[in-house]
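Down below is the structure, laid out as structure tokens.
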Number of protein chains: 2
Amino acid sequence: MTTIYDKLRFNSRGLIPAVAQQFDTKEVLMMAWMSRDSIEQTLATGHVTYYSRSRHSLWRKGESSGQTQRLVDMRLDCDGDALLLLVDQVGVACHTGRHSCFYRAQRHNELEEILQVEVTPEKLYGKKKSV
Amino acid sequence: MTTIYDKLRFNSRGLIPAVAQQFDTKEVLMMAWMSRDSIEQTLATGHVTYYSRSRHSLWRKGESSGQTQRLVDMRLDCDGDALLLLVDQVGVACHTGRHSCFYRAQRHNELEEILQVEVTPEKLYGKKKSV
């Protein structure tokens with residue numbers, strides 16, 4: 001029996017890129033990185049968990065914003081060095097409050113914003129009340 | 001005027017991951033890497049050109065197989081460190097002859113093949129006739 005762990009090819013830092021796609025609309029939401037631990041946790045719990053390269057730790061998507069991702073299907077590419085996660089996104093995927101992180105397009109030699117902010121970052125991440 | 005080149009964040013090897021998505025069906029086809037040169041060439045010609053990490057050179061998608069990708073839209077994510085290419089794929093994206101490289105899924109603790117071969121690799125890449 002072959003499992004995904006037999007075929008994964010991590011980079012020199014033990015990470016593999018993962019693309020998240022909304023399972024029903026097929027919108028590509030974001031790209032992030034996963035470690036073996038984050039893959040195991042994602043498969044075990046059904047909650048998508050990435051590896052944060054800036055914080056050097058597991059990052060359960062939505063842990064601070066509430067915008068979680070439920071795993072629907074995990075796919076591996078032919079070379080074993082990229083993952084495609086079909087997910088069900090709660091709310092918005094992007095920390096800017098847009099549905100997808102890919103909200104800028106190069107058109108007519110210019111970078112245009114093509115998606116609007118649906119939730120303000122203040123609402124996503126809260127703001128300490130001044131006492 | 002801001003262009004995509006002002007916002008791109010390449011890794012330490014001068015590369016950025018790029019996800020290719022079929023523009024109309026929204027199927028995610030593959031993930032590969034791009035250099036600044038490959039991005040410039042892609043935008044200038046409309047033919048998607050990646051950077052081959054194994055050959056250390058530009059790789060015009062389909063140059064040997066004929067399975068080219070026409071660029072429809074190039075998008076950049078919020079952090080500037082991942083690209084989404086909306087493309088029109090001729091034939092199949094995967095060197096195994098499947099439409100997408102993401103043809104394996106982890107289901108019931110097992111890696112299953114979920115896409116069939118549409119063109120044999122021999123047909124894609126040719127075979128030298130024995131004389």
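Please note that chains go A, B, ... in the order of the structure tokens, that every chain numbers its residues from 1, and that ligands are numbered from 1 in the order shown.
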For segment 25-39 of chain B: contacts at 8 Å, only C-alpha atoms, fewer than 3 positions along chain excluded, given as a list in words =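 Contacts, in chain order: Lys26, Glu27, Asp77 and Ala82 of chain A; Phe10, Gly14, Leu15, Ile16, Pro17, Ala18, Val19, Ala20, Gln21, Gln22, Thr42, Leu43, Thr49, Tyr50, Tyr51, Ser52, Arg53, Leu58, Ala93, Cys94, His99, Ser100, Cys101 and Phe102 of chain B.
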Selection export as a short mmCIF file (atom, residue, chain, number, x, y, z; two decimals), in the first residue's frame, atoms kept: C-alpha atoms:
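Wrote it out as again.cif, contents follow:
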data_model
loop_
_atom_site.label_atom_id
_atom_site.label_comp_id
_atom_site.auth_asym_id
_atom_site.auth_seq_id
_atom_site.Cartn_x
_atom_site.Cartn_y
_atom_site.Cartn_z
CA LYS A 26 -12.34 26.04 -8.06
CA GLU A 27 -10.96 29.48 -7.15
CA ASP A 77 1.89 16.15 -8.32
CA ALA A 82 3.98 20.12 -4.83
CA PHE B 10 12.16 35.96 -5.51
CA GLY B 14 16.12 34.10 -7.83
CA LEU B 15 13.00 32.00 -8.39
CA ILE B 16 9.30 32.26 -7.58
CA PRO B 17 6.74 29.43 -7.59
CA ALA B 18 4.05 29.64 -10.27
CA VAL B 19 0.76 27.76 -10.32
CA ALA B 20 -0.83 27.18 -13.72
CA GLN B 21 -4.62 27.05 -13.89
CA GLN B 22 -6.70 26.41 -17.01
CA THR B 42 6.20 34.93 -20.84
CA LEU B 43 4.73 38.43 -20.74
CA THR B 49 8.11 29.94 -20.05
CA TYR B 50 9.31 28.50 -16.75
CA TYR B 51 12.78 28.06 -15.30
CA SER B 52 13.98 24.47 -15.18
CA ARG B 53 15.77 23.85 -11.89
CA LEU B 58 14.61 28.67 -19.40
CA ALA B 93 0.08 19.64 -18.92
CA CYS B 94 1.76 16.60 -17.37
CA HIS B 99 -4.21 16.60 -18.16
CA SER B 100 -2.98 17.80 -14.76
CA CYS B 101 0.17 16.95 -12.81
CA PHE B 102 -1.95 16.60 -9.64
#
Looking only at the backbone, which of the residues in segment 29-88 of chain A does DSSP tag as strand (DSSP E or B), as a list in words?
-> Leu29, Met30, Met31, Ala32, Trp33, Met34, His47, Thr49, Tyr50, Tyr51, Ser52, Ser57, Leu58, Trp59, Arg60, Gln69, Arg70, Leu71, Val72, Asp73, Met74, Arg75, Leu76, Leu83, Leu84, Leu85, Leu86, Val87 and Asp88 of chain A
Output the contact residues of chain B with respect to chain A at a cut-off of 7 Å, based on only C-alpha atoms, as a list of chain:residue names.
->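 Here is what falls inside 7 Å: B:Met1, B:Thr2, B:Thr3, B:Ile4, B:Lys26, B:Met31, B:Asp73, B:Met74, B:Arg75, B:Leu76, B:Asp77, B:Cys78, B:Ala82, B:Leu84, B:Cys101, B:Phe102, B:Tyr103, B:Arg104, B:Ala105, B:Gln106, B:Asn109, B:Glu110, B:Leu111.
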Generate the output file for the selected residues, C-alpha atoms, as a PDB file, in the first residue's frame.
ATOM      1  CA  MET B   1       2.747  53.273 -12.280  1.00  0.00           C
ATOM      2  CA  THR B   2       3.378  50.000 -10.454  1.00  0.00           C
ATOM      3  CA  THR B   3       4.296  46.916 -12.459  1.00  0.00           C
ATOM      4  CA  ILE B   4       4.592  43.315 -11.330  1.00  0.00           C
ATOM      5  CA  LYS B  26     -10.311  26.366 -13.580  1.00  0.00           C
ATOM      6  CA  MET B  31       3.277  24.077 -10.306  1.00  0.00           C
ATOM      7  CA  ASP B  73      -3.614  36.389 -17.116  1.00  0.00           C
ATOM      8  CA  MET B  74      -0.702  36.644 -14.663  1.00  0.00           C
ATOM      9  CA  ARG B  75      -1.570  37.216 -11.000  1.00  0.00           C
ATOM     10  CA  LEU B  76       0.559  37.911  -7.946  1.00  0.00           C
ATOM     11  CA  ASP B  77      -0.265  37.058  -4.347  1.00  0.00           C
ATOM     12  CA  CYS B  78      -0.405  39.379  -1.348  1.00  0.00           C
ATOM     13  CA  ALA B  82       3.816  33.305  -5.565  1.00  0.00           C
ATOM     14  CA  LEU B  84      -0.917  32.302 -10.471  1.00  0.00           C
ATOM     15  CA  CYS B 101       0.165  16.945 -12.806  1.00  0.00           C
ATOM     16  CA  PHE B 102      -1.952  16.603  -9.643  1.00  0.00           C
ATOM     17  CA  TYR B 103      -3.262  13.152 -10.524  1.00  0.00           C
ATOM     18  CA  ARG B 104      -2.734  11.411  -7.179  1.00  0.00           C
ATOM     19  CA  ALA B 105      -4.920  11.864  -4.095  1.00  0.00           C
ATOM     20  CA  GLN B 106      -4.483  10.643  -0.533  1.00  0.00           C
ATOM     21  CA  ASN B 109      -4.782   6.410   3.994  1.00  0.00           C
ATOM     22  CA  GLU B 110      -3.728   5.464   0.508  1.00  0.00           C
ATOM     23  CA  LEU B 111      -2.412   7.315  -2.543  1.00  0.00           C
TER      24      LEU B 111
END
Contact residues around Leu71 of chain A with only C-alpha atoms at 6 Å, ignoring same-chain residues under 5 positions, as a list in words =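 Within the cut-off, the hits are Gly46, His47, Val48 and Val87 of chain A.
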Nearest to Gln69 of chain B: which of B:Leu86, B:Gly97, B:Ala44, B:Asp24 is it, counting only C-alpha atoms?
-> B:Leu86
Secondary structure check, helix (DSSP H, G or I) residues of chain B, as a list in words |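 Result set for chain B (helix (DSSP H, G or I)): Ile4, Tyr5, Asp6, Lys7, Arg36, Asp37, Ser38, Ile39, Glu40, Gln41, Thr42, Leu43, Ala44, Thr45, Pro121, Glu122, Lys123, Leu124 and Tyr125 of chain B.
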Show which residues sit within 7 Å of Tyr125 of chain B, as a list of chain:residue names. Count only C-alpha atoms, and ignore same-chain residues fewer than 4 positions away.
-> B:Ser64, B:Ser65, B:Pro121
What would the file look like if the residues just selected were written as a CSV table (one decimal), in the first residue's frame with N, CA and C atoms?
chain,number,residue,atom,x,y,z
B,64,SER,N,9.4,20.6,-26.2
B,64,SER,CA,9.7,19.3,-26.8
B,64,SER,C,8.4,18.5,-27.1
B,65,SER,N,7.4,18.7,-26.2
B,65,SER,CA,6.2,17.9,-26.3
B,65,SER,C,5.1,18.5,-27.2
B,121,PRO,N,3.4,8.9,-23.1
B,121,PRO,CA,4.6,9.7,-23.1
B,121,PRO,C,5.4,9.5,-24.4
